[in-house]
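In what follows, a single structure is set out as structure tokens and then discussed.
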Number of protein chains: 2
Amino acid sequence: MTGPKYRQIHNYLKEKIQKGLYSEGDILPSENELCSSFSITRTTVRKALEELIKEGFIEKKHGKGSFVKERRQSLGLLNVKGFSEAVGQNVKTVFLKKPAIREWSNQIQIPVSLMEKQKACIHFERLRFVKGEPVMLENNWLPDIKLGGLISNEFVEASFFKTLSRNYRIEIIGSESELRAENAGSKIAELLKIKEGYPVLHISLKFKTSNPVLNIYSELYCNTQKYPIGNIYHL
Amino acid sequence: MTGPKYRQIHNYLKEKIQKGLYSEGDILPSENELCSSFSITRTTVRKALEELIKEGFIEKKHGKGSFVKERRQSLGLLNVKGFSEAVGQNVKTVFLKKPAIREWSNQIQIPVSLMEKQKACIHFERLRFVKGEPVMLENNWLPDIKLGGLISNEFVEASFFKTLSRNYRIEIIGSESELRAENAGSKIAELLKIKEGYPVLHISLKFKTSNPVLNIYSELYCNTQKYPIGNIYHL
DNA sequence: AATTTTAACTTGTACGTACAAGCTGGAAAT
DNA sequence: ATTTCCAGCTTGTACGTACAAGTTAAAATT
């Protein structure tokens, strides 16, 4: 609960942004104001703000101030094109298998580290719809590091990553992926309501998080005919 | 040529790394050594090193030092899996069309900014081979911002990005991409030596660089059967 | 009234200092 | 000979100060 001072400021501001107390485009208190509020020096405040910049929460403008970023266009999280634009309305997510302890699957393409394989495995399967059409089948695995309530509770805005960030303050800090174009097999074809043999995008993912023993492994199958998969990142 | 001090140290070290004077795994001079070499304070040295970390050139280890990173596994540059591992030997790149001034193509999926469309367009087309097999057709477009010699000269290690970095000190700072699985048309099929209708991965890319008026647009078609496309990035 | 200047804000760079915390190898104690 | 300890290195955090540079709005000038 202690840790370095700059982390406390960082968490304090991050929490406010996440809770919507500062919203898109808002200006944060100036560095000097934060200094006196927290009785710390500007060096420390600037360190905290720099962390927020790295995580994509804010941006600074010389001579003006620090501003909360529009959407947190973070680190190459995959989006169905038109997913984030049409938030909520035309998008639906259905659990085929709710989060539960299951076996580590050999379906996972990217090698799971030994440390993680020793732990139990949480798995869930989701089907994502845009305008009523199924466009992405998603299988996710992660080691069970006892995040209380992760299994039973609902996700924040149907997003697993937002849940990790808001409830557990765990951020995605990187990823590794493999991309393949494949012909849909019978199971995929049935779920995505396409013909067998139709080309689908197969994405194998390993997300690294700020918790060094928590990586998230995903296998995605996407019908990219109408909705290509989008991917944005920045330094 | 002046600019802030930390930028000078940053460029100095970056250049040394790029030229191979420091190589993979090497330890950089300690922060205090750099301080006395350049007659600056540790604050400034640390700022320069932090930039190098962001760009993926080095990593720091508490109590030990700053180390040059193995491969610059930077910002989600796409790689044919097994491309960077088997450097040079099994990999070949052939220009189908050498860099030259051409028209802005309407093949580009991601919108080209107006400012760029006013400039002339440099275009080149390459076919990439692994173990003698063609695996990726690559079309690239960028605005002509008068990078002398870019058209005529050879690329550094057959890499366009390395050329930009080493010769012009321009770095990739982000990207936007769209991914689609498609059936190969006749032209793609012929070039990649596959049957028409075979599933291929179509990647549309926009790379943002440290030069705000230089974005690079690419359309890639990949046969991912044997060699999936890999993609790594980190905060 | 319109323009210019100034003053008061913002963030950016750079200085210098001090101590904490992680690592390593040689000296000291066992 | 082995272990323990410590001194001297490394990076990490935090303090405080000063001035440069970009922005803005009020004040002074025209």
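Note on naming: chains are A, B, ... as they come in the structure tokens, residues start from 1 per chain, ligands start from 1 in the order shown.
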
(request) Write out as a ChimeraX atom specification all residues of region 35-217 of chain B that backbone DSSP assigns to alpha helix (DSSP H). (result) /B:35-38,42-54,114-118,160-168,186-192

(request) Would you mind listing what lies within 9 Å of region 21-29 of chain D as a ChimeraX atom specification, with only C-alpha atoms (C1' of nucleotides) counted and same-chain residues fewer than 6 positions away left out? (result) /A:61-64 /C:3-7,9-12

Let's have the selection written as a tab-separated table (two decimals), in the first residue's frame, with N, CA and C atoms (P, O5', C5', C4', C3', O3' and C1' of nucleotides).
chain	number	residue	atom	x	y	z
A	61	LYS	N	0.35	19.54	-23.21
A	61	LYS	CA	0.57	20.57	-24.22
A	61	LYS	C	1.37	21.70	-23.59
A	62	HIS	N	2.49	21.98	-24.19
A	62	HIS	CA	3.42	22.98	-23.67
A	62	HIS	C	2.70	24.33	-23.50
A	63	GLY	N	2.80	24.83	-22.31
A	63	GLY	CA	2.21	26.14	-22.04
A	63	GLY	C	0.73	26.12	-21.72
A	64	LYS	N	0.11	24.96	-21.89
A	64	LYS	CA	-1.34	24.89	-21.65
A	64	LYS	C	-1.72	24.00	-20.48
C	3	DT	P	-6.82	45.84	-35.28
C	3	DT	O5'	-5.46	46.08	-34.49
C	3	DT	C5'	-4.74	47.29	-34.72
C	3	DT	C4'	-3.72	47.50	-33.62
C	3	DT	C3'	-2.75	46.32	-33.43
C	3	DT	O3'	-1.45	46.73	-33.82
C	3	DT	C1'	-3.52	47.22	-31.35
C	4	DT	P	-0.23	45.62	-33.79
C	4	DT	O5'	0.44	45.92	-32.38
C	4	DT	C5'	0.84	47.26	-32.05
C	4	DT	C4'	1.26	47.32	-30.59
C	4	DT	C3'	2.34	46.30	-30.21
C	4	DT	O3'	3.44	46.98	-29.64
C	4	DT	C1'	0.52	46.26	-28.66
C	5	DT	P	4.80	46.17	-29.23
C	5	DT	O5'	4.63	46.05	-27.66
C	5	DT	C5'	4.28	47.23	-26.91
C	5	DT	C4'	3.89	46.84	-25.48
C	5	DT	C3'	4.89	45.92	-24.79
C	5	DT	O3'	5.37	46.56	-23.62
C	5	DT	C1'	2.66	45.13	-24.50
C	6	DT	P	6.63	45.98	-22.80
C	6	DT	O5'	5.90	45.33	-21.55
C	6	DT	C5'	4.85	46.07	-20.92
C	6	DT	C4'	3.98	45.13	-20.08
C	6	DT	C3'	4.76	44.17	-19.19
C	6	DT	O3'	4.29	44.30	-17.87
C	6	DT	C1'	3.05	43.02	-20.34
C	7	DA	P	5.28	43.92	-16.65
C	7	DA	O5'	4.30	43.06	-15.72
C	7	DA	C5'	2.89	43.34	-15.77
C	7	DA	C4'	2.10	42.07	-15.48
C	7	DA	C3'	2.78	41.10	-14.51
C	7	DA	O3'	1.81	40.60	-13.61
C	7	DA	C1'	2.28	39.96	-16.50
C	9	DC	P	-0.52	34.05	-11.33
C	9	DC	O5'	0.03	32.79	-12.15
C	9	DC	C5'	-0.76	31.63	-12.27
C	9	DC	C4'	-0.92	31.25	-13.75
C	9	DC	C3'	-0.34	29.89	-14.11
C	9	DC	O3'	-1.21	28.86	-13.69
C	9	DC	C1'	0.06	31.48	-15.84
C	10	DT	P	-0.58	27.50	-13.19
C	10	DT	O5'	-0.08	26.80	-14.54
C	10	DT	C5'	-1.04	26.24	-15.43
C	10	DT	C4'	-0.39	25.99	-16.78
C	10	DT	C3'	0.72	24.96	-16.80
C	10	DT	O3'	0.19	23.66	-16.84
C	10	DT	C1'	1.34	26.85	-18.07
C	11	DT	P	1.04	22.43	-16.25
C	11	DT	O5'	2.14	22.23	-17.40
C	11	DT	C5'	1.74	21.81	-18.69
C	11	DT	C4'	2.91	21.93	-19.64
C	11	DT	C3'	3.99	20.85	-19.47
C	11	DT	O3'	4.44	20.42	-20.75
C	11	DT	C1'	4.96	22.98	-19.27
C	12	DG	P	5.72	19.39	-20.83
C	12	DG	O5'	6.99	20.33	-21.00
C	12	DG	C5'	7.28	20.88	-22.29
C	12	DG	C4'	8.74	21.30	-22.36
C	12	DG	C3'	9.73	20.19	-22.00
C	12	DG	O3'	10.76	20.17	-22.98
C	12	DG	C1'	10.11	22.10	-20.64

Distance-based interface of chain A with chain B, 10 Å, counting only C-alpha atoms, as a compact mmCIF listing (two decimals) with N, CA and C atoms, in the first residue's frame:
# COMPACT_ATOMS: atom_id res chain seq x y z
N LYS A 54 2.55 7.48 -20.66
CA LYS A 54 2.96 6.18 -21.20
C LYS A 54 1.77 5.24 -21.32
N GLU A 55 0.89 5.29 -20.34
CA GLU A 55 -0.26 4.40 -20.35
C GLU A 55 -1.37 4.91 -21.26
N GLY A 56 -1.19 6.12 -21.79
CA GLY A 56 -2.14 6.63 -22.77
C GLY A 56 -3.35 7.31 -22.16
N SER A 74 -5.06 2.57 -26.52
CA SER A 74 -3.83 2.06 -25.89
C SER A 74 -3.06 1.14 -26.80
N LEU A 75 -2.47 0.17 -26.22
CA LEU A 75 -1.38 -0.56 -26.85
C LEU A 75 -1.82 -1.65 -27.79
N GLY A 76 -2.33 -1.28 -28.92
CA GLY A 76 -2.58 -2.29 -29.91
C GLY A 76 -3.59 -3.32 -29.48
N LEU A 78 -6.80 -5.17 -29.93
CA LEU A 78 -7.49 -5.40 -31.19
C LEU A 78 -8.94 -4.97 -31.09
N ASN A 79 -9.40 -4.36 -32.12
CA ASN A 79 -10.79 -3.94 -32.15
C ASN A 79 -11.42 -4.36 -33.46
N VAL A 80 -12.63 -4.79 -33.38
CA VAL A 80 -13.37 -4.93 -34.61
C VAL A 80 -13.61 -3.53 -35.11
N LYS A 81 -13.22 -3.26 -36.37
CA LYS A 81 -13.34 -1.91 -36.92
C LYS A 81 -14.79 -1.47 -36.80
N ILE A 172 -2.34 -3.58 -19.46
CA ILE A 172 -1.65 -4.29 -20.53
C ILE A 172 -0.41 -3.50 -20.92
N ILE A 173 0.75 -4.14 -20.87
CA ILE A 173 1.97 -3.40 -21.19
C ILE A 173 2.64 -3.90 -22.46
N GLY A 174 2.06 -4.89 -23.09
CA GLY A 174 2.66 -5.36 -24.34
C GLY A 174 1.94 -6.58 -24.85
N SER A 175 2.32 -7.00 -26.03
CA SER A 175 1.69 -8.19 -26.55
C SER A 175 2.53 -8.84 -27.63
N GLU A 176 2.19 -10.06 -27.90
CA GLU A 176 2.86 -10.85 -28.92
C GLU A 176 1.74 -11.50 -29.70
N SER A 177 1.82 -11.46 -31.01
CA SER A 177 0.72 -12.06 -31.74
C SER A 177 1.19 -12.79 -32.99
N GLU A 178 0.39 -13.72 -33.43
CA GLU A 178 0.62 -14.41 -34.69
C GLU A 178 -0.65 -14.34 -35.50
N LEU A 179 -0.51 -14.00 -36.76
CA LEU A 179 -1.67 -13.82 -37.61
C LEU A 179 -1.66 -14.84 -38.74
N ARG A 180 -2.80 -15.42 -38.97
CA ARG A 180 -2.93 -16.39 -40.06
C ARG A 180 -4.26 -16.22 -40.77
N ALA A 181 -4.24 -16.39 -42.08
CA ALA A 181 -5.49 -16.50 -42.82
C ALA A 181 -5.77 -17.98 -43.03
N GLU A 182 -6.95 -18.43 -42.64
CA GLU A 182 -7.26 -19.85 -42.73
C GLU A 182 -8.64 -20.05 -43.34
N ASN A 183 -8.90 -21.27 -43.74
CA ASN A 183 -10.26 -21.62 -44.14
C ASN A 183 -11.03 -22.06 -42.90
N ALA A 184 -12.25 -21.60 -42.80
CA ALA A 184 -13.05 -21.92 -41.61
C ALA A 184 -13.34 -23.42 -41.55
N GLY A 197 -14.89 -23.41 -45.12
CA GLY A 197 -13.90 -23.11 -46.14
C GLY A 197 -13.77 -21.63 -46.45
N TYR A 198 -14.66 -20.85 -45.90
CA TYR A 198 -14.61 -19.41 -46.06
C TYR A 198 -13.35 -18.87 -45.36
N PRO A 199 -12.66 -17.86 -45.92
CA PRO A 199 -11.44 -17.39 -45.26
C PRO A 199 -11.74 -16.65 -43.96
N VAL A 200 -11.06 -17.05 -42.89
CA VAL A 200 -11.18 -16.35 -41.61
C VAL A 200 -9.79 -15.95 -41.12
N LEU A 201 -9.77 -14.91 -40.32
CA LEU A 201 -8.52 -14.44 -39.74
C LEU A 201 -8.34 -15.10 -38.38
N HIS A 202 -7.24 -15.83 -38.23
CA HIS A 202 -6.93 -16.50 -36.97
C HIS A 202 -5.82 -15.72 -36.26
N ILE A 203 -6.12 -15.19 -35.10
CA ILE A 203 -5.15 -14.38 -34.34
C ILE A 203 -4.81 -15.10 -33.04
N SER A 204 -3.52 -15.37 -32.85
CA SER A 204 -3.05 -15.93 -31.58
C SER A 204 -2.36 -14.82 -30.82
N LEU A 205 -2.75 -14.65 -29.57
CA LEU A 205 -2.28 -13.50 -28.81
C LEU A 205 -1.74 -13.87 -27.45
N LYS A 206 -0.72 -13.17 -27.04
CA LYS A 206 -0.27 -13.22 -25.65
C LYS A 206 -0.16 -11.79 -25.17
N PHE A 207 -1.01 -11.41 -24.22
CA PHE A 207 -0.93 -10.08 -23.64
C PHE A 207 -0.09 -10.11 -22.39
N LYS A 208 0.91 -9.23 -22.32
CA LYS A 208 1.68 -9.08 -21.08
C LYS A 208 1.03 -7.98 -20.25
N THR A 209 0.98 -8.20 -18.94
CA THR A 209 0.37 -7.19 -18.07
C THR A 209 1.40 -6.64 -17.10
N SER A 210 0.98 -5.62 -16.34
CA SER A 210 1.87 -5.03 -15.35
C SER A 210 2.14 -6.00 -14.20
N CYS A 222 -11.91 -14.60 -36.76
CA CYS A 222 -12.70 -13.44 -37.16
C CYS A 222 -13.18 -13.55 -38.59
N ASN A 223 -14.43 -13.20 -38.80
CA ASN A 223 -14.96 -12.99 -40.13
C ASN A 223 -14.72 -11.53 -40.47
N THR A 224 -13.75 -11.28 -41.35
CA THR A 224 -13.34 -9.90 -41.63
C THR A 224 -13.98 -9.35 -42.88
N GLN A 225 -14.97 -10.08 -43.42
CA GLN A 225 -15.61 -9.67 -44.67
C GLN A 225 -16.18 -8.26 -44.57
N LYS A 226 -17.05 -8.04 -43.60
CA LYS A 226 -17.64 -6.72 -43.44
C LYS A 226 -16.87 -5.84 -42.48
N TYR A 227 -16.30 -6.48 -41.45
CA TYR A 227 -15.65 -5.70 -40.39
C TYR A 227 -14.21 -6.15 -40.22
N PRO A 228 -13.26 -5.42 -40.85
CA PRO A 228 -11.86 -5.79 -40.65
C PRO A 228 -11.45 -5.56 -39.20
N ILE A 229 -10.37 -6.22 -38.80
CA ILE A 229 -9.85 -6.03 -37.44
C ILE A 229 -8.91 -4.84 -37.44
N GLY A 230 -9.12 -3.94 -36.49
CA GLY A 230 -8.28 -2.75 -36.41
C GLY A 230 -7.32 -2.82 -35.25
N ASN A 231 -6.29 -2.02 -35.30
CA ASN A 231 -5.20 -2.14 -34.36
C ASN A 231 -4.43 -0.83 -34.39
N ILE A 232 -4.43 -0.13 -33.26
CA ILE A 232 -3.73 1.15 -33.20
C ILE A 232 -2.75 1.13 -32.05
N TYR A 233 -1.55 1.61 -32.28
CA TYR A 233 -0.69 1.86 -31.12
C TYR A 233 0.24 3.02 -31.40
N HIS A 234 0.82 3.46 -30.34
CA HIS A 234 1.70 4.62 -30.42
C HIS A 234 2.72 4.52 -29.32
N LEU A 235 3.84 5.25 -29.50
CA LEU A 235 4.95 5.20 -28.55
C LEU A 235 4.50 5.63 -27.17

(request) Write out as a PyMOL selection string each polymer residue whose atoms come within 9 Å of Leu127 (chain A), counting only C-alpha atoms (C1' of nucleotides); drop sequence neighbours fewer than 4 positions from it. (result) chain A and resi 92-96+134-139+191-192

Saved selection, atoms kept: N, CA, C and O atoms, as a short mmCIF file (atom, residue, chain, number, x, y, z; two decimals), in the first residue's frame:
data_model
loop_
_atom_site.label_atom_id
_atom_site.label_comp_id
_atom_site.auth_asym_id
_atom_site.auth_seq_id
_atom_site.Cartn_x
_atom_site.Cartn_y
_atom_site.Cartn_z
N LYS A 92 -22.60 -6.59 -29.42
CA LYS A 92 -23.08 -7.46 -28.36
C LYS A 92 -22.02 -8.53 -28.12
O LYS A 92 -21.32 -8.95 -29.04
N THR A 93 -21.90 -8.95 -26.89
CA THR A 93 -20.96 -10.02 -26.57
C THR A 93 -21.69 -11.10 -25.80
O THR A 93 -22.38 -10.80 -24.83
N VAL A 94 -21.55 -12.32 -26.26
CA VAL A 94 -22.24 -13.44 -25.61
C VAL A 94 -21.22 -14.44 -25.10
O VAL A 94 -20.28 -14.81 -25.82
N PHE A 95 -21.36 -14.84 -23.85
CA PHE A 95 -20.49 -15.87 -23.31
C PHE A 95 -20.97 -17.25 -23.76
O PHE A 95 -22.11 -17.63 -23.50
N LEU A 96 -20.12 -17.97 -24.45
CA LEU A 96 -20.43 -19.37 -24.75
C LEU A 96 -20.03 -20.23 -23.56
O LEU A 96 -20.69 -21.20 -23.22
N PRO A 134 -22.56 -12.45 -36.04
CA PRO A 134 -21.38 -12.90 -35.30
C PRO A 134 -20.12 -12.63 -36.13
O PRO A 134 -20.07 -12.99 -37.31
N VAL A 135 -19.13 -11.95 -35.53
CA VAL A 135 -17.92 -11.62 -36.29
C VAL A 135 -16.63 -12.15 -35.66
O VAL A 135 -15.63 -12.26 -36.34
N MET A 136 -16.69 -12.49 -34.37
CA MET A 136 -15.46 -12.94 -33.75
C MET A 136 -15.71 -13.98 -32.66
O MET A 136 -16.50 -13.75 -31.76
N LEU A 137 -15.01 -15.09 -32.79
CA LEU A 137 -15.02 -16.10 -31.73
C LEU A 137 -13.73 -15.96 -30.95
O LEU A 137 -12.65 -15.89 -31.53
N GLU A 138 -13.88 -15.94 -29.63
CA GLU A 138 -12.76 -15.54 -28.78
C GLU A 138 -12.58 -16.55 -27.66
O GLU A 138 -13.52 -16.82 -26.91
N ASN A 139 -11.40 -17.14 -27.58
CA ASN A 139 -11.09 -18.02 -26.45
C ASN A 139 -9.94 -17.42 -25.66
O ASN A 139 -8.92 -17.04 -26.24
N LEU A 191 -20.49 -21.29 -35.93
CA LEU A 191 -20.64 -20.21 -34.96
C LEU A 191 -20.66 -18.83 -35.64
O LEU A 191 -21.43 -17.95 -35.25
N LEU A 192 -19.82 -18.65 -36.63
CA LEU A 192 -19.76 -17.35 -37.31
C LEU A 192 -20.78 -17.25 -38.44
O LEU A 192 -20.83 -16.24 -39.15
#

(request) Name all residues at most 12 Å from DC15 (chain C) (count only C-alpha atoms (C1' of nucleotides); drop same-chain ones fewer than 6 positions away) and give them as an NGL selection string. (result) (:B and (39-44)) or (:D and (16-19))

Those selected residues, please, written with all heavy atoms and delivered as a short mmCIF file (atom, residue, chain, number, x, y, z; two decimals), in the first residue's frame.
data_model
loop_
_atom_site.label_atom_id
_atom_site.label_comp_id
_atom_site.auth_asym_id
_atom_site.auth_seq_id
_atom_site.Cartn_x
_atom_site.Cartn_y
_atom_site.Cartn_z
N SER B 39 29.93 16.40 -19.03
CA SER B 39 29.81 17.54 -18.12
C SER B 39 28.36 17.99 -17.97
O SER B 39 28.03 19.15 -18.21
CB SER B 39 30.66 18.72 -18.61
OG SER B 39 31.98 18.32 -18.80
N ILE B 40 27.50 17.03 -17.63
CA ILE B 40 26.11 17.36 -17.38
C ILE B 40 25.66 16.65 -16.12
O ILE B 40 26.40 15.84 -15.57
CB ILE B 40 25.19 16.92 -18.55
CG1 ILE B 40 25.46 15.45 -18.88
CG2 ILE B 40 25.40 17.79 -19.76
CD1 ILE B 40 24.55 14.92 -19.94
N THR B 41 24.46 16.96 -15.68
CA THR B 41 23.98 16.34 -14.44
C THR B 41 23.26 15.03 -14.74
O THR B 41 22.89 14.73 -15.87
CB THR B 41 23.00 17.26 -13.70
OG1 THR B 41 21.96 17.61 -14.59
CG2 THR B 41 23.70 18.48 -13.18
N ARG B 42 23.05 14.26 -13.69
CA ARG B 42 22.45 12.94 -13.86
C ARG B 42 21.01 13.06 -14.35
O ARG B 42 20.53 12.21 -15.08
CB ARG B 42 22.50 12.17 -12.52
CG ARG B 42 22.71 10.69 -12.76
CD ARG B 42 22.93 9.95 -11.45
NE ARG B 42 22.03 8.82 -11.37
CZ ARG B 42 21.40 8.45 -10.29
NH1 ARG B 42 21.56 9.15 -9.17
NH2 ARG B 42 20.62 7.41 -10.31
N THR B 43 20.33 14.10 -13.91
CA THR B 43 18.96 14.33 -14.38
C THR B 43 18.90 14.29 -15.90
O THR B 43 18.05 13.62 -16.49
CB THR B 43 18.47 15.72 -13.92
OG1 THR B 43 18.85 15.92 -12.56
CG2 THR B 43 16.97 15.82 -14.06
N THR B 44 19.83 14.99 -16.54
CA THR B 44 19.83 15.09 -18.00
C THR B 44 20.20 13.77 -18.64
O THR B 44 19.58 13.34 -19.63
CB THR B 44 20.81 16.19 -18.44
OG1 THR B 44 20.53 17.38 -17.73
CG2 THR B 44 20.69 16.45 -19.92
P DG D 16 11.16 20.21 -0.53
OP1 DG D 16 10.96 20.76 0.83
OP2 DG D 16 10.03 19.98 -1.44
"O5'" DG D 16 12.19 21.17 -1.32
"C5'" DG D 16 13.48 21.40 -0.78
"C4'" DG D 16 14.30 22.19 -1.79
"O4'" DG D 16 14.62 21.31 -2.92
"C3'" DG D 16 13.58 23.40 -2.40
"O3'" DG D 16 14.26 24.58 -1.99
"C2'" DG D 16 13.66 23.17 -3.91
"C1'" DG D 16 14.78 22.16 -4.04
N9 DG D 16 14.67 21.37 -5.28
C8 DG D 16 13.67 20.50 -5.64
N7 DG D 16 13.86 19.96 -6.82
C5 DG D 16 15.05 20.51 -7.27
C6 DG D 16 15.77 20.31 -8.47
O6 DG D 16 15.47 19.59 -9.42
N1 DG D 16 16.93 21.07 -8.52
C2 DG D 16 17.36 21.92 -7.51
N2 DG D 16 18.50 22.57 -7.73
N3 DG D 16 16.72 22.11 -6.38
C4 DG D 16 15.57 21.37 -6.32
P DT D 17 13.73 26.03 -2.39
OP1 DT D 17 14.17 26.98 -1.36
OP2 DT D 17 12.31 25.89 -2.76
"O5'" DT D 17 14.53 26.37 -3.74
"C5'" DT D 17 15.96 26.29 -3.76
"C4'" DT D 17 16.48 26.52 -5.16
"O4'" DT D 17 16.16 25.37 -6.00
"C3'" DT D 17 15.86 27.72 -5.88
"O3'" DT D 17 16.83 28.76 -5.97
"C2'" DT D 17 15.46 27.20 -7.26
"C1'" DT D 17 16.09 25.82 -7.33
N1 DT D 17 15.27 24.84 -8.11
C2 DT D 17 15.78 24.35 -9.29
O2 DT D 17 16.85 24.67 -9.75
N3 DT D 17 14.96 23.46 -9.94
C4 DT D 17 13.71 23.02 -9.53
O4 DT D 17 13.08 22.22 -10.20
C5 DT D 17 13.24 23.57 -8.29
C7 DT D 17 11.90 23.18 -7.74
C6 DT D 17 14.03 24.45 -7.64
P DA D 18 16.43 30.22 -6.49
OP1 DA D 18 17.44 31.16 -5.96
OP2 DA D 18 14.99 30.46 -6.23
"O5'" DA D 18 16.63 30.11 -8.06
"C5'" DA D 18 17.88 29.65 -8.58
"C4'" DA D 18 17.77 29.49 -10.08
"O4'" DA D 18 17.06 28.28 -10.39
"C3'" DA D 18 16.99 30.62 -10.76
"O3'" DA D 18 17.91 31.42 -11.50
"C2'" DA D 18 15.97 29.93 -11.65
"C1'" DA D 18 16.39 28.47 -11.62
N9 DA D 18 15.26 27.53 -11.63
C8 DA D 18 14.25 27.42 -10.73
N7 DA D 18 13.38 26.48 -11.00
C5 DA D 18 13.84 25.93 -12.18
C6 DA D 18 13.37 24.90 -13.00
N6 DA D 18 12.26 24.19 -12.72
N1 DA D 18 14.07 24.60 -14.12
C2 DA D 18 15.18 25.31 -14.38
N3 DA D 18 15.73 26.31 -13.69
C4 DA D 18 15.00 26.57 -12.59
P DC D 19 17.41 32.80 -12.14
OP1 DC D 19 18.61 33.67 -12.18
OP2 DC D 19 16.18 33.26 -11.47
"O5'" DC D 19 17.04 32.40 -13.65
"C5'" DC D 19 18.02 31.70 -14.43
"C4'" DC D 19 17.33 30.97 -15.55
"O4'" DC D 19 16.41 30.00 -15.02
"C3'" DC D 19 16.52 31.86 -16.51
"O3'" DC D 19 16.98 31.63 -17.82
"C2'" DC D 19 15.10 31.38 -16.31
"C1'" DC D 19 15.34 29.92 -15.94
N1 DC D 19 14.17 29.23 -15.33
C2 DC D 19 13.72 28.02 -15.89
O2 DC D 19 14.33 27.56 -16.87
N3 DC D 19 12.65 27.40 -15.34
C4 DC D 19 12.03 27.92 -14.29
N4 DC D 19 10.98 27.27 -13.79
C5 DC D 19 12.47 29.14 -13.70
C6 DC D 19 13.54 29.76 -14.25
#

(request) For chain D, list the residues within 10 Å of chain B, counting only C-alpha atoms (C1' of nucleotides), and write the list as number ranges by chain. (result) D: 9-12

(message) Please compute the CA of Cys121 (chain B)-CA of Glu157 (chain B) distance, one decimal, in Å.
(response) 23.4 Å

(message) So that I can see what lies close to region 102-104 of chain A, please list as number ranges by chain the residues with an atom at most 10 Å from it, counting only C-alpha atoms (C1' of nucleotides) and leaving out residues fewer than 4 positions away in the same chain.
(response) A: 108, 112, 116-124, 141-143
